[in-house]
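Trainee: I have a structure here, written as structure tokens, and I will follow up with some questions on it.
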Amino acid sequence: MRASAFVYPWDVNGDPEAPGRIASLGVAQVTLAAAYHSTRALTPRHPRHRIVTAEYAAVLYPPGGFWSDRDLRPHPAGDWAPGDAFGEAASALASAGLEVHSWVVLAHNSRLGAEHPETSVVNAYGDRYPWAPCIAQPRVRAYLTALAAEAAVRPGATGTELESLGWYGLAHLHAHDKTGGVRLGEAGQYLMSLCFCPACGEGYGVDAGELAAGVRAALEPVWRGAEDGGWECVERGLGVETAAATRAWRESVARRLQEEAVRAVRGAAPEGFRVLLHADPVSYHCGANAGVDPAHILSRADGVVVPCVDGVHRLAPFAEHAGERTVLAANLTVVSGMGGNPANLAADAARARAEGANELRLYHAGLASDADLAAAREGLAGV
């Protein structure tokens, strides 16, 4: 199975040993960040630093002049990834024989929400989520679509993987996050992620004030500690018809963004450029792995990258709609400190293959310890 390792430019730039070390894992490809959200990352082998603090969502290359007259625009990275960090890393990785695909984070951007709060998701209580742009707003979709095309089609990249190309909601590992005091299941996450900005309030097709009141009422048992289940709990809380109206609006908005972004990337890319989405087969889910309809997204993109940190069960719904050339990549965490089990890589890959996967993604070559990388190398040798 073809395998790719996720990498940040700061894992590579300034470390001449990094390209060879990554190639020695046995991967054919790297998925290299070109646009990324704020983060604090470990670099356990870099000769000049051990911690990188990316202070805000940024592009890791110089943004083009196209943005000069636009109010929503990407920001270049600061000193954690100066200049054309993506291009420098891509060149070094290619020199080690690795194919480079860009890794583009889209609807997850705290700086956008801080500078333009009106673009953010607003929950039923009136709280804004500055990390979550509302993709129902036309100017937000236009920004994300243009960013997708520019960040994906970088010199040296032969494909792209688009992350958070859909709704982003409550779930977000914020600095000193303190939102885990009440355990939210699928229903709670959905209800707390419903947006009530003017565009969404109009789009639902029901009275927005009444819907917001209904959402708050549906959440009351959750705050008291009641069991929080799946979609049936949303229907029970809002009523079947109202729940369906919210889901229909959100799914139609996400589909439109996904179609527009994929079309924009294809329009900017050379022939043969692969376009993949990080995706979840449950269409009302939101987050980095956007909820999609498998049949629809595989009719638009070349494939998907599917999270498998808690098992390979999300692969089968995509496999049902995969064509001969569809990429179905199982994303396996190989960082033991982040819940991964690199020693089990060969067995996990076999289970993923049985569910329809034909490629692997290893998260994350820059964050893993030496012991994790050694286990991943041995596991890939057995695949």
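We label chains A, B, ... in the order they appear in the structure tokens, count residues from 1 in each chain, and number ligands from 1 in the order shown.
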Mind dumping a table of every stretch 236-276 of chain A residue within 8 Å of stretch 198-211 of chain A, with the nearest atom pair and its distance in Å to one decimal, using only C-alpha atoms, sorted by chain and rising number, as CSV?
Mentor:
```
residue,atom,partner,partner_atom,distance
A:Leu238,CA,A:Leu211,CA,7.9
A:Thr242,CA,A:Val206,CA,7.6
A:Ala245,CA,A:Tyr204,CA,6.0
A:Thr246,CA,A:Tyr204,CA,5.5
A:Trp249,CA,A:Tyr204,CA,5.7
```
Trainee: For the selection you just gave me, I'd like the residues written to a file as an mmCIF file, in the first residue's frame, keeping C-alpha atoms.
Mentor:
```cif
data_model
loop_
_atom_site.group_PDB
_atom_site.id
_atom_site.type_symbol
_atom_site.label_atom_id
_atom_site.label_comp_id
_atom_site.auth_asym_id
_atom_site.auth_seq_id
_atom_site.Cartn_x
_atom_site.Cartn_y
_atom_site.Cartn_z
ATOM 1 C CA LEU A 238 -35.884 19.548 17.983
ATOM 2 C CA THR A 242 -36.992 20.817 12.298
ATOM 3 C CA ALA A 245 -34.378 21.263 8.038
ATOM 4 C CA THR A 246 -31.193 22.168 9.891
ATOM 5 C CA TRP A 249 -29.298 23.432 5.075
#
```
Trainee: Neighbouring residues of A:Glu251 were defined as those with any atom within 8 Å, considering only C-alpha atoms; residues of the same chain fewer than 3 positions away were excluded. Please report them as a list in words.
Mentor: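 Close residues of A:Glu251: Arg247, Ala248, Ala254, Arg255, Ser283, Tyr284 and Val292 of chain A.
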Trainee: Could you check the closest approach to A:His278 for each of A:Asp302, A:Glu324, A:Asp79, A:Asp228 and tell me which residue wins, using only C-alpha atoms?
Mentor: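 Closest candidate: A:Asp302.
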Trainee: Out of A:Glu163, A:Glu320, A:Glu186, A:Asp293, which residue has the shortest atom-to-atom distance to A:Val222 when counting only C-alpha atoms?
Mentor: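 Smallest separation from A:Val222 among the options: A:Glu186.
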Trainee: List the neighbours of A:Ala92 out to 12 Å using only C-alpha atoms; skip same-chain residues closer than 6 positions along the sequence, and give me the result as JSON, numbers by chain.
Mentor: {"A": [9, 11, 12, 13, 14, 15, 16, 17, 18, 19, 20, 21, 22, 23, 30, 32, 85, 86, 98, 99, 100, 156]}
Trainee: Okay, now the selection with all heavy atoms, as a short mmCIF file (atom, residue, chain, number, x, y, z; two decimals), in the first residue's frame?
Mentor:
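Final output, selection-v4.cif:
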```
data_model
loop_
_atom_site.label_atom_id
_atom_site.label_comp_id
_atom_site.auth_asym_id
_atom_site.auth_seq_id
_atom_site.Cartn_x
_atom_site.Cartn_y
_atom_site.Cartn_z
N PRO A 9 6.64 22.14 7.49
CA PRO A 9 7.91 22.67 6.96
C PRO A 9 8.98 22.87 8.02
O PRO A 9 10.17 22.66 7.77
CB PRO A 9 7.48 24.02 6.34
CG PRO A 9 6.05 23.82 5.95
CD PRO A 9 5.48 22.95 7.04
N ASP A 11 9.64 21.04 10.45
CA ASP A 11 10.29 19.77 10.76
C ASP A 11 11.50 19.54 9.85
O ASP A 11 12.40 18.77 10.21
CB ASP A 11 9.32 18.60 10.56
CG ASP A 11 8.15 18.61 11.51
OD1 ASP A 11 8.36 18.98 12.68
OD2 ASP A 11 7.03 18.28 11.08
N VAL A 12 11.47 20.16 8.67
CA VAL A 12 12.45 19.88 7.63
C VAL A 12 13.48 21.00 7.49
O VAL A 12 14.69 20.75 7.45
CB VAL A 12 11.73 19.65 6.28
CG1 VAL A 12 12.73 19.43 5.15
CG2 VAL A 12 10.74 18.50 6.39
N ASN A 13 12.98 22.24 7.39
CA ASN A 13 13.88 23.37 7.13
C ASN A 13 14.84 23.57 8.31
O ASN A 13 14.41 23.67 9.46
CB ASN A 13 13.06 24.64 6.89
CG ASN A 13 12.17 24.51 5.67
OD1 ASN A 13 12.38 23.67 4.81
ND2 ASN A 13 11.15 25.36 5.58
N GLY A 14 16.10 23.61 8.02
CA GLY A 14 17.12 23.74 9.06
C GLY A 14 17.61 22.42 9.62
O GLY A 14 18.50 22.40 10.47
N ASP A 15 17.04 21.32 9.15
CA ASP A 15 17.48 19.99 9.60
C ASP A 15 17.85 19.16 8.37
O ASP A 15 16.99 18.54 7.75
CB ASP A 15 16.38 19.29 10.38
CG ASP A 15 16.82 17.92 10.90
OD1 ASP A 15 17.98 17.53 10.65
OD2 ASP A 15 16.00 17.25 11.57
N PRO A 16 19.11 19.15 7.97
CA PRO A 16 19.50 18.44 6.74
C PRO A 16 19.28 16.93 6.81
O PRO A 16 19.24 16.27 5.77
CB PRO A 16 20.99 18.76 6.60
CG PRO A 16 21.43 19.18 7.96
CD PRO A 16 20.25 19.82 8.61
N GLU A 17 19.10 16.38 8.02
CA GLU A 17 18.88 14.94 8.14
C GLU A 17 17.41 14.55 7.95
O GLU A 17 17.09 13.38 7.74
CB GLU A 17 19.32 14.47 9.54
CG GLU A 17 20.77 14.78 9.88
CD GLU A 17 21.73 14.10 8.92
OE1 GLU A 17 21.46 12.94 8.56
OE2 GLU A 17 22.73 14.73 8.54
N ALA A 18 16.50 15.52 8.01
CA ALA A 18 15.08 15.21 8.01
C ALA A 18 14.59 14.51 6.74
O ALA A 18 13.87 13.50 6.83
CB ALA A 18 14.26 16.47 8.28
N PRO A 19 14.92 14.99 5.54
CA PRO A 19 14.40 14.31 4.35
C PRO A 19 14.79 12.83 4.27
O PRO A 19 13.95 11.97 3.99
CB PRO A 19 15.00 15.11 3.19
CG PRO A 19 15.23 16.48 3.76
CD PRO A 19 15.66 16.21 5.18
N GLY A 20 16.04 12.53 4.53
CA GLY A 20 16.48 11.14 4.49
C GLY A 20 15.82 10.30 5.56
O GLY A 20 15.49 9.13 5.33
N ARG A 21 15.66 10.88 6.75
CA ARG A 21 15.03 10.14 7.84
C ARG A 21 13.58 9.80 7.50
O ARG A 21 13.11 8.68 7.75
CB ARG A 21 15.09 10.98 9.11
CG ARG A 21 14.50 10.30 10.33
CD ARG A 21 14.82 11.07 11.60
NE ARG A 21 14.37 12.45 11.55
CZ ARG A 21 15.17 13.51 11.55
NH1 ARG A 21 16.48 13.36 11.60
NH2 ARG A 21 14.67 14.73 11.52
N ILE A 22 12.87 10.74 6.89
CA ILE A 22 11.48 10.49 6.52
C ILE A 22 11.41 9.46 5.40
O ILE A 22 10.59 8.53 5.42
CB ILE A 22 10.79 11.81 6.10
CG1 ILE A 22 10.71 12.75 7.32
CG2 ILE A 22 9.40 11.54 5.55
CD1 ILE A 22 10.34 14.17 6.97
N ALA A 23 12.28 9.59 4.41
CA ALA A 23 12.30 8.61 3.31
C ALA A 23 12.60 7.21 3.82
O ALA A 23 12.07 6.22 3.29
CB ALA A 23 13.32 9.04 2.26
N VAL A 30 5.15 12.58 1.05
CA VAL A 30 4.89 13.37 2.26
C VAL A 30 3.71 14.28 1.98
O VAL A 30 3.50 14.75 0.86
CB VAL A 30 6.11 14.22 2.69
CG1 VAL A 30 7.22 13.34 3.20
CG2 VAL A 30 6.59 15.10 1.56
N LEU A 32 2.66 17.73 3.11
CA LEU A 32 3.38 18.84 3.70
C LEU A 32 2.46 20.05 3.87
O LEU A 32 1.82 20.50 2.92
CB LEU A 32 4.56 19.21 2.79
CG LEU A 32 5.42 20.42 3.18
CD1 LEU A 32 6.17 20.14 4.47
CD2 LEU A 32 6.41 20.73 2.04
N ALA A 85 8.47 28.82 3.21
CA ALA A 85 8.84 27.64 4.00
C ALA A 85 8.37 26.37 3.33
O ALA A 85 9.08 25.35 3.34
CB ALA A 85 8.25 27.76 5.41
N PHE A 86 7.18 26.40 2.75
CA PHE A 86 6.68 25.21 2.05
C PHE A 86 7.61 24.86 0.89
O PHE A 86 8.01 23.69 0.74
CB PHE A 86 5.26 25.44 1.52
CG PHE A 86 4.72 24.29 0.73
CD1 PHE A 86 4.00 23.28 1.34
CD2 PHE A 86 4.97 24.18 -0.63
CE1 PHE A 86 3.52 22.20 0.62
CE2 PHE A 86 4.51 23.10 -1.38
CZ PHE A 86 3.77 22.10 -0.74
N LEU A 98 11.08 11.82 -2.47
CA LEU A 98 9.71 11.78 -1.97
C LEU A 98 8.79 12.65 -2.82
O LEU A 98 9.14 13.79 -3.16
CB LEU A 98 9.68 12.27 -0.52
CG LEU A 98 10.37 11.36 0.49
CD1 LEU A 98 10.68 12.11 1.78
CD2 LEU A 98 9.50 10.14 0.79
N GLU A 99 7.62 12.14 -3.13
CA GLU A 99 6.60 12.94 -3.79
C GLU A 99 5.96 13.84 -2.74
O GLU A 99 5.74 13.41 -1.60
CB GLU A 99 5.55 12.02 -4.43
CG GLU A 99 4.54 12.75 -5.28
CD GLU A 99 3.58 11.79 -5.98
OE1 GLU A 99 3.98 10.62 -6.21
OE2 GLU A 99 2.44 12.21 -6.28
N VAL A 100 5.65 15.06 -3.12
CA VAL A 100 5.11 16.03 -2.17
C VAL A 100 3.69 16.39 -2.54
O VAL A 100 3.41 16.76 -3.69
CB VAL A 100 5.98 17.31 -2.13
CG1 VAL A 100 5.35 18.35 -1.20
CG2 VAL A 100 7.41 16.98 -1.67
N GLY A 156 6.12 22.34 -6.81
CA GLY A 156 6.67 21.14 -6.18
C GLY A 156 5.63 20.16 -5.71
O GLY A 156 5.96 19.01 -5.40
#
```
Trainee: Check the smallest atom-to-atom distance from each of A:Gly113, A:Gly97, A:Pro270, A:Gly87 to A:Arg73 using only C-alpha atoms, then report the winner.
Mentor: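 Of A:Gly113, A:Gly97, A:Pro270, A:Gly87, the one nearest A:Arg73 is A:Gly113, counting only C-alpha atoms.
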Trainee: Can you tell me which residues surround A:Ala54 at a distance of at most 8 Å, considering only C-alpha atoms, apart from same-chain residues fewer than 4 positions away, and format the answer as JSON, numbers by chain?
Mentor: {"A": [37, 38, 39, 40, 77, 78, 80]}
Trainee: What's around A:Leu345 at 8 Å? Count only C-alpha atoms, leave out sequence neighbours fewer than 2 positions away in its own chain, and write the answer as an mmCIF file with all heavy atoms, in the first residue's frame.
Mentor:
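This is the output file selection.cif:
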```
data_model
loop_
_atom_site.group_PDB
_atom_site.id
_atom_site.type_symbol
_atom_site.label_atom_id
_atom_site.label_comp_id
_atom_site.auth_asym_id
_atom_site.auth_seq_id
_atom_site.Cartn_x
_atom_site.Cartn_y
_atom_site.Cartn_z
ATOM 1 N N LEU A 332 -3.655 6.794 10.032
ATOM 2 C CA LEU A 332 -3.275 6.079 11.254
ATOM 3 C C LEU A 332 -2.281 6.912 12.058
ATOM 4 O O LEU A 332 -1.271 7.364 11.525
ATOM 5 C CB LEU A 332 -2.650 4.734 10.897
ATOM 6 C CG LEU A 332 -3.527 3.781 10.070
ATOM 7 C CD1 LEU A 332 -2.719 2.562 9.614
ATOM 8 C CD2 LEU A 332 -4.740 3.341 10.869
ATOM 9 N N VAL A 334 0.721 7.463 14.422
ATOM 10 C CA VAL A 334 1.909 6.696 14.804
ATOM 11 C C VAL A 334 2.691 7.402 15.909
ATOM 12 O O VAL A 334 3.862 7.097 16.138
ATOM 13 C CB VAL A 334 2.821 6.422 13.581
ATOM 14 C CG1 VAL A 334 2.119 5.508 12.592
ATOM 15 C CG2 VAL A 334 3.278 7.716 12.923
ATOM 16 N N ASN A 341 -0.505 3.819 18.040
ATOM 17 C CA ASN A 341 0.161 2.563 18.394
ATOM 18 C C ASN A 341 0.986 2.118 17.197
ATOM 19 O O ASN A 341 0.583 1.227 16.446
ATOM 20 C CB ASN A 341 -0.875 1.501 18.769
ATOM 21 C CG ASN A 341 -0.224 0.233 19.313
ATOM 22 O OD1 ASN A 341 1.002 0.128 19.391
ATOM 23 N ND2 ASN A 341 -1.039 -0.744 19.679
ATOM 24 N N PRO A 342 2.152 2.744 16.978
ATOM 25 C CA PRO A 342 2.939 2.412 15.796
ATOM 26 C C PRO A 342 3.379 0.957 15.743
ATOM 27 O O PRO A 342 3.589 0.411 14.657
ATOM 28 C CB PRO A 342 4.135 3.365 15.885
ATOM 29 C CG PRO A 342 4.206 3.770 17.319
ATOM 30 C CD PRO A 342 2.790 3.786 17.804
ATOM 31 N N ALA A 343 3.495 0.299 16.895
ATOM 32 C CA ALA A 343 3.877 -1.115 16.895
ATOM 33 C C ALA A 343 2.810 -1.981 16.242
ATOM 34 O O ALA A 343 3.089 -3.110 15.830
ATOM 35 C CB ALA A 343 4.136 -1.582 18.324
ATOM 36 N N ALA A 347 -0.711 -4.532 11.456
ATOM 37 C CA ALA A 347 -2.029 -5.118 11.704
ATOM 38 C C ALA A 347 -3.140 -4.115 11.397
ATOM 39 O O ALA A 347 -4.167 -4.463 10.810
ATOM 40 C CB ALA A 347 -2.127 -5.590 13.153
ATOM 41 N N ASP A 348 -2.933 -2.846 11.795
ATOM 42 C CA ASP A 348 -3.935 -1.818 11.502
ATOM 43 C C ASP A 348 -4.073 -1.612 10.004
ATOM 44 O O ASP A 348 -5.187 -1.420 9.479
ATOM 45 C CB ASP A 348 -3.548 -0.501 12.178
ATOM 46 C CG ASP A 348 -3.709 -0.548 13.684
ATOM 47 O OD1 ASP A 348 -4.444 -1.432 14.180
ATOM 48 O OD2 ASP A 348 -3.109 0.302 14.366
ATOM 49 N N ALA A 349 -2.951 -1.639 9.289
ATOM 50 C CA ALA A 349 -2.999 -1.488 7.833
ATOM 51 C C ALA A 349 -3.756 -2.641 7.188
ATOM 52 O O ALA A 349 -4.524 -2.448 6.239
ATOM 53 C CB ALA A 349 -1.582 -1.398 7.274
ATOM 54 N N ALA A 375 9.285 1.959 15.069
ATOM 55 C CA ALA A 375 8.171 1.016 15.013
ATOM 56 C C ALA A 375 7.379 1.190 13.726
ATOM 57 O O ALA A 375 6.944 0.203 13.110
ATOM 58 C CB ALA A 375 7.260 1.209 16.228
ATOM 59 N N ALA A 376 7.191 2.440 13.294
ATOM 60 C CA ALA A 376 6.467 2.691 12.051
ATOM 61 C C ALA A 376 7.234 2.151 10.858
ATOM 62 O O ALA A 376 6.654 1.577 9.921
ATOM 63 C CB ALA A 376 6.213 4.190 11.890
ATOM 64 N N GLY A 379 6.757 -1.493 10.847
ATOM 65 C CA GLY A 379 5.400 -1.823 10.453
ATOM 66 C C GLY A 379 5.176 -1.676 8.959
ATOM 67 O O GLY A 379 4.551 -2.538 8.326
ATOM 68 N N LEU A 380 5.709 -0.584 8.364
ATOM 69 C CA LEU A 380 5.537 -0.389 6.915
ATOM 70 C C LEU A 380 6.248 -1.482 6.130
ATOM 71 O O LEU A 380 5.791 -1.893 5.060
ATOM 72 C CB LEU A 380 6.063 0.974 6.499
ATOM 73 C CG LEU A 380 5.139 2.170 6.673
ATOM 74 C CD1 LEU A 380 5.775 3.424 6.087
ATOM 75 C CD2 LEU A 380 3.787 1.909 6.000
#
```
Trainee: May I have the residues within 12 Å of A:Tyr363 as JSON, numbers by chain, using only C-alpha atoms and disregarding those fewer than 2 positions away in the same chain?
Mentor: {"A": [3, 4, 5, 6, 7, 8, 30, 31, 32, 305, 306, 307, 308, 309, 330, 331, 332, 333, 334, 335, 336, 337, 338, 339, 340, 341, 342, 345, 360, 361, 365, 366, 367, 368, 372, 373, 376]}
Trainee: Residues as selected, N, CA, C and O atoms, written as a compact mmCIF listing (two decimals), in the first residue's frame, can you do that?
Mentor:
```txt
# COMPACT_ATOMS: atom_id res chain seq x y z
N ALA A 3 2.08 4.76 0.99
CA ALA A 3 1.97 5.46 2.26
C ALA A 3 2.56 6.85 2.17
O ALA A 3 3.50 7.09 1.41
N SER A 4 1.97 7.76 2.93
CA SER A 4 2.47 9.13 3.02
C SER A 4 2.54 9.52 4.49
O SER A 4 1.71 9.09 5.31
N ALA A 5 3.53 10.34 4.84
CA ALA A 5 3.68 10.84 6.20
C ALA A 5 3.37 12.33 6.23
O ALA A 5 3.82 13.09 5.37
N PHE A 6 2.61 12.75 7.23
CA PHE A 6 2.37 14.17 7.43
C PHE A 6 3.62 14.82 8.00
O PHE A 6 4.31 14.25 8.86
N VAL A 7 3.89 16.05 7.52
CA VAL A 7 5.09 16.78 7.92
C VAL A 7 4.78 18.28 7.90
O VAL A 7 4.00 18.75 7.05
N TYR A 8 5.39 19.03 8.82
CA TYR A 8 5.37 20.49 8.78
C TYR A 8 6.67 21.00 8.14
O TYR A 8 7.72 20.35 8.29
N VAL A 30 5.15 12.58 1.05
CA VAL A 30 4.89 13.37 2.26
C VAL A 30 3.71 14.28 1.98
O VAL A 30 3.50 14.75 0.86
N THR A 31 2.91 14.51 3.01
CA THR A 31 1.81 15.47 2.94
C THR A 31 2.25 16.66 3.78
O THR A 31 2.27 16.59 5.02
N LEU A 32 2.66 17.73 3.11
CA LEU A 32 3.38 18.84 3.70
C LEU A 32 2.46 20.05 3.87
O LEU A 32 1.82 20.50 2.92
N VAL A 305 -9.19 11.05 2.73
CA VAL A 305 -8.33 10.61 3.82
C VAL A 305 -9.25 10.46 5.03
O VAL A 305 -9.93 11.41 5.42
N VAL A 306 -9.28 9.26 5.61
CA VAL A 306 -10.30 8.93 6.61
C VAL A 306 -9.64 8.68 7.97
O VAL A 306 -8.71 7.86 8.07
N PRO A 307 -10.10 9.35 9.03
CA PRO A 307 -9.49 9.14 10.35
C PRO A 307 -9.76 7.74 10.88
O PRO A 307 -10.89 7.26 10.86
N CYS A 308 -8.71 7.10 11.38
CA CYS A 308 -8.84 5.73 11.90
C CYS A 308 -8.24 5.61 13.30
O CYS A 308 -7.84 4.52 13.71
N VAL A 309 -8.19 6.71 14.03
CA VAL A 309 -7.58 6.68 15.36
C VAL A 309 -8.35 5.77 16.30
O VAL A 309 -7.77 5.18 17.23
N ALA A 330 -6.33 5.44 4.66
CA ALA A 330 -6.57 5.28 6.10
C ALA A 330 -5.53 6.11 6.86
O ALA A 330 -4.33 5.90 6.69
N ASN A 331 -6.01 7.03 7.68
CA ASN A 331 -5.12 7.90 8.45
C ASN A 331 -4.87 7.27 9.83
O ASN A 331 -5.76 7.21 10.67
N LEU A 332 -3.65 6.79 10.03
CA LEU A 332 -3.27 6.08 11.25
C LEU A 332 -2.28 6.91 12.06
O LEU A 332 -1.27 7.36 11.53
N THR A 333 -2.57 7.10 13.33
CA THR A 333 -1.67 7.85 14.20
C THR A 333 -0.50 6.97 14.62
O THR A 333 -0.71 5.86 15.13
N VAL A 334 0.72 7.46 14.42
CA VAL A 334 1.91 6.70 14.80
C VAL A 334 2.69 7.40 15.91
O VAL A 334 3.86 7.10 16.14
N VAL A 335 2.03 8.33 16.59
CA VAL A 335 2.64 9.02 17.73
C VAL A 335 2.01 8.44 18.99
O VAL A 335 0.84 8.69 19.28
N SER A 336 2.77 7.67 19.75
CA SER A 336 2.20 6.98 20.90
C SER A 336 1.69 7.95 21.95
O SER A 336 0.70 7.69 22.62
N GLY A 337 2.36 9.10 22.08
CA GLY A 337 1.93 10.09 23.05
C GLY A 337 0.63 10.78 22.69
O GLY A 337 0.05 11.49 23.51
N MET A 338 0.15 10.57 21.46
CA MET A 338 -1.12 11.16 21.00
C MET A 338 -2.16 10.07 20.75
O MET A 338 -3.10 10.26 19.99
N GLY A 339 -1.97 8.93 21.40
CA GLY A 339 -2.95 7.85 21.29
C GLY A 339 -2.68 6.85 20.20
O GLY A 339 -3.48 5.92 20.01
N GLY A 340 -1.58 7.00 19.47
CA GLY A 340 -1.27 6.07 18.40
C GLY A 340 -0.58 4.82 18.91
O GLY A 340 -0.10 4.76 20.04
N ASN A 341 -0.50 3.82 18.04
CA ASN A 341 0.16 2.56 18.39
C ASN A 341 0.99 2.12 17.20
O ASN A 341 0.58 1.23 16.45
N PRO A 342 2.15 2.74 16.98
CA PRO A 342 2.94 2.41 15.80
C PRO A 342 3.38 0.96 15.74
O PRO A 342 3.59 0.41 14.66
N LEU A 345 1.15 -1.06 13.51
CA LEU A 345 0.88 -0.48 12.20
C LEU A 345 0.55 -1.53 11.15
O LEU A 345 -0.40 -1.37 10.38
N LEU A 360 -2.18 4.56 2.83
CA LEU A 360 -2.04 4.87 4.25
C LEU A 360 -1.54 6.30 4.42
O LEU A 360 -0.79 6.80 3.58
N ARG A 361 -1.97 6.93 5.51
CA ARG A 361 -1.38 8.19 5.95
C ARG A 361 -0.88 7.99 7.37
O ARG A 361 -1.59 7.42 8.20
N ALA A 365 5.12 12.37 11.06
CA ALA A 365 6.54 12.05 11.07
C ALA A 365 7.37 13.06 11.86
O ALA A 365 8.43 12.72 12.39
N GLY A 366 6.89 14.31 11.94
CA GLY A 366 7.65 15.31 12.68
C GLY A 366 7.42 15.26 14.18
O GLY A 366 8.30 15.66 14.96
N LEU A 367 6.27 14.77 14.62
CA LEU A 367 5.92 14.78 16.04
C LEU A 367 6.35 13.51 16.76
O LEU A 367 6.42 13.49 17.99
N ALA A 368 6.61 12.46 16.02
CA ALA A 368 6.88 11.15 16.62
C ALA A 368 8.28 11.08 17.23
O ALA A 368 9.22 11.73 16.76
N ASP A 372 8.95 5.67 18.13
CA ASP A 372 7.74 5.58 17.30
C ASP A 372 8.10 5.45 15.82
O ASP A 372 7.49 4.66 15.09
N LEU A 373 9.07 6.23 15.37
CA LEU A 373 9.48 6.15 13.95
C LEU A 373 10.07 4.78 13.64
O LEU A 373 9.81 4.23 12.56
N ALA A 376 7.19 2.44 13.29
CA ALA A 376 6.47 2.69 12.05
C ALA A 376 7.23 2.15 10.86
O ALA A 376 6.65 1.58 9.92
```
